[in-house]
Amino acid sequence: MATTQQVMANTPILTNPNDWYQWYIALENFADAKGIWDYVNPESREDELLELKEPTLPAIQDACKTGSTRRERFADLGADERETYKYLERRYHDERAEFRLLRDALEKLVEHLFKTVNSRYMTISLGGQSLGRDPKKIYNLLKKLRKRYAPTDDTRRHDIQRKYDNLRRVPRQSKETWIEDWIQTVEEMVELDLKTALNVLAVP
């Protein structure tokens, strides 16, 4: 099993625009694996994000039949209504357990950000405020990071074309590293719909 130090050594660190692509893919995979990416995805509009709401314990009245006399105690419910209330209570506990898992995952994401983003920029962006486990605050931070570090498509096309041209030459690195660089470059070229990608498999 990999140690924490080994994992961090292989985790992309965001310090300048050249780091963005690998850092962002790692971030998305990290958040998606924990089920929270759709709560913080900086490429989404704010009204498209999933909203994390803490569930509330059902009231006795929630189990009462429509039009029935208002009742306040479980003992006052009919047999069917008692079963309904028990079901609502079980669902509440399931939803609360899921809520806690998602909240803990957001805390892990915040830890990940502090470990992988330029500390000076994090300090400036937060302005002395805490991210806590608030998905909206995390979302706004990621939008700031995207605005500052994400290269434009034109810049990425230029950089990827240069990488492609370099990879067509006799490799100076190990065969394994050269193949990994090819795979990553192809993925980026296809993502940006570069025409050169149509011939990328015809490596001399």
# chains A, B, ... in the order shown; residues from 1 in each chain; ligands from 1
call {"tool": "residues_around", "arguments": {"residues": "stretch 132-145 of chain A", "least_positions_apart": "2", "cutoff": "8 Å", "atoms": "only C-alpha atoms", "output": "list of chain:residue names"}}
result
A:Tyr39, A:Val40, A:Asn41, A:Pro42, A:Glu43, A:Leu52, A:Arg103, A:Asp104, A:Leu106, A:Glu107, A:Val110, A:Ser125, A:Leu126, A:Ser130, A:Lys147, A:Arg148, A:Tyr149, A:Ala150
call {"tool": "closest_residue", "arguments": {"among": "A:Gln22, A:Thr56, A:Thr123, A:Thr177", "to": "A:His93", "atoms": "only C-alpha atoms"}}
result
A:Thr56
call {"tool": "residues_around", "arguments": {"residues": "A:Ile60", "least_positions_apart": "4", "cutoff": "8 Å", "atoms": "only C-alpha atoms", "output": "JSON, numbers by chain"}}
result
{"A": [64, 71, 72, 73, 74, 85]}
call {"tool": "write_last_selection", "arguments": {"atoms": "N, CA, C and O atoms", "output": "PDB file, in the first residue's frame"}}
result
ATOM      1  N   CYS A  64     -49.747  11.653   9.071  1.00  0.00           N
ATOM      2  CA  CYS A  64     -51.205  11.630   9.160  1.00  0.00           C
ATOM      3  C   CYS A  64     -51.842  11.647   7.770  1.00  0.00           C
ATOM      4  O   CYS A  64     -51.313  12.270   6.840  1.00  0.00           O
ATOM      5  N   ARG A  71     -52.700  15.457  14.933  1.00  0.00           N
ATOM      6  CA  ARG A  71     -52.237  14.718  16.106  1.00  0.00           C
ATOM      7  C   ARG A  71     -50.769  15.047  16.375  1.00  0.00           C
ATOM      8  O   ARG A  71     -50.015  15.296  15.446  1.00  0.00           O
ATOM      9  N   GLU A  72     -50.387  15.029  17.624  1.00  0.00           N
ATOM     10  CA  GLU A  72     -49.048  15.464  18.019  1.00  0.00           C
ATOM     11  C   GLU A  72     -48.189  14.328  18.558  1.00  0.00           C
ATOM     12  O   GLU A  72     -46.981  14.468  18.653  1.00  0.00           O
ATOM     13  N   ARG A  73     -48.814  13.207  18.933  1.00  0.00           N
ATOM     14  CA  ARG A  73     -48.059  12.114  19.550  1.00  0.00           C
ATOM     15  C   ARG A  73     -48.118  10.862  18.681  1.00  0.00           C
ATOM     16  O   ARG A  73     -49.111  10.610  18.003  1.00  0.00           O
ATOM     17  N   PHE A  74     -47.022  10.091  18.727  1.00  0.00           N
ATOM     18  CA  PHE A  74     -46.961   8.838  17.967  1.00  0.00           C
ATOM     19  C   PHE A  74     -48.089   7.897  18.407  1.00  0.00           C
ATOM     20  O   PHE A  74     -48.693   7.198  17.579  1.00  0.00           O
ATOM     21  N   TYR A  85     -44.902   6.683   9.580  1.00  0.00           N
ATOM     22  CA  TYR A  85     -43.961   7.484  10.348  1.00  0.00           C
ATOM     23  C   TYR A  85     -42.635   6.739  10.524  1.00  0.00           C
ATOM     24  O   TYR A  85     -41.559   7.343  10.419  1.00  0.00           O
TER      25      TYR A  85
END
call {"tool": "select_by_dssp", "arguments": {"residues": "stretch 52-164 of chain A", "states": "helix (DSSP H, G or I)", "output": "PyMOL selection string"}}
result
chain A and resi 60-63+74-76+79-116+119-126+135-149+153-164
call {"tool": "closest_residue", "arguments": {"among": "A:Met122, A:Leu131, A:Ala63, A:Ala31", "to": "A:Leu102", "atoms": "only C-alpha atoms"}}
result
A:Ala31
call {"tool": "atom_distance", "arguments": {"atom1": "atom CA of A:Glu176", "atom2": "atom CA of A:Trp23"}}
result
21.1 Å
call {"tool": "residues_around", "arguments": {"residues": "A:Ile25", "least_positions_apart": "4", "cutoff": "12 Å", "atoms": "only C-alpha atoms", "output": "ChimeraX atom specification"}}
result
/A:11-14,19-21,29-32,37,41,150,184,187-188
call {"tool": "write_last_selection", "arguments": {"atoms": "N, CA and C atoms", "output": "compact mmCIF listing (two decimals), in the first residue's frame"}}
result
# COMPACT_ATOMS: atom_id res chain seq x y z
N THR A 11 0.98 13.60 -6.59
CA THR A 11 -0.17 14.48 -6.74
C THR A 11 0.25 15.80 -7.36
N PRO A 12 -0.38 16.20 -8.49
CA PRO A 12 -0.01 17.48 -9.13
C PRO A 12 -0.23 18.67 -8.20
N ILE A 13 0.71 19.61 -8.22
CA ILE A 13 0.63 20.81 -7.41
C ILE A 13 0.40 22.01 -8.32
N LEU A 14 -0.54 22.87 -7.97
CA LEU A 14 -0.89 24.01 -8.80
C LEU A 14 -0.13 25.25 -8.36
N ASP A 19 0.58 23.95 -14.75
CA ASP A 19 0.17 22.86 -13.87
C ASP A 19 -1.34 22.58 -13.96
N TRP A 20 -2.07 23.49 -14.58
CA TRP A 20 -3.53 23.46 -14.47
C TRP A 20 -4.15 22.16 -14.95
N TYR A 21 -3.80 21.72 -16.15
CA TYR A 21 -4.51 20.59 -16.74
C TYR A 21 -4.39 19.35 -15.85
N ASN A 29 -11.16 14.06 -10.36
CA ASN A 29 -11.22 12.64 -9.99
C ASN A 29 -11.36 12.46 -8.49
N PHE A 30 -10.63 13.28 -7.73
CA PHE A 30 -10.68 13.20 -6.27
C PHE A 30 -12.10 13.50 -5.77
N ALA A 31 -12.68 14.60 -6.27
CA ALA A 31 -14.01 15.01 -5.81
C ALA A 31 -15.10 14.08 -6.32
N ASP A 32 -14.94 13.61 -7.57
CA ASP A 32 -15.95 12.73 -8.15
C ASP A 32 -15.99 11.40 -7.41
N TRP A 37 -18.39 16.21 -6.64
CA TRP A 37 -18.00 17.10 -7.75
C TRP A 37 -19.16 17.97 -8.22
N ASN A 41 -18.40 21.91 -8.89
CA ASN A 41 -17.84 22.00 -10.24
C ASN A 41 -17.78 23.45 -10.73
N ALA A 150 -6.21 28.65 -15.29
CA ALA A 150 -6.56 27.86 -16.48
C ALA A 150 -6.11 28.58 -17.74
N GLN A 184 -1.29 11.19 -22.68
CA GLN A 184 -1.81 12.45 -22.15
C GLN A 184 -1.98 13.48 -23.25
N GLU A 187 -5.01 12.72 -25.43
CA GLU A 187 -6.25 13.05 -24.72
C GLU A 187 -6.52 14.55 -24.77
N GLU A 188 -5.47 15.36 -24.57
CA GLU A 188 -5.64 16.80 -24.61
C GLU A 188 -5.98 17.29 -26.02
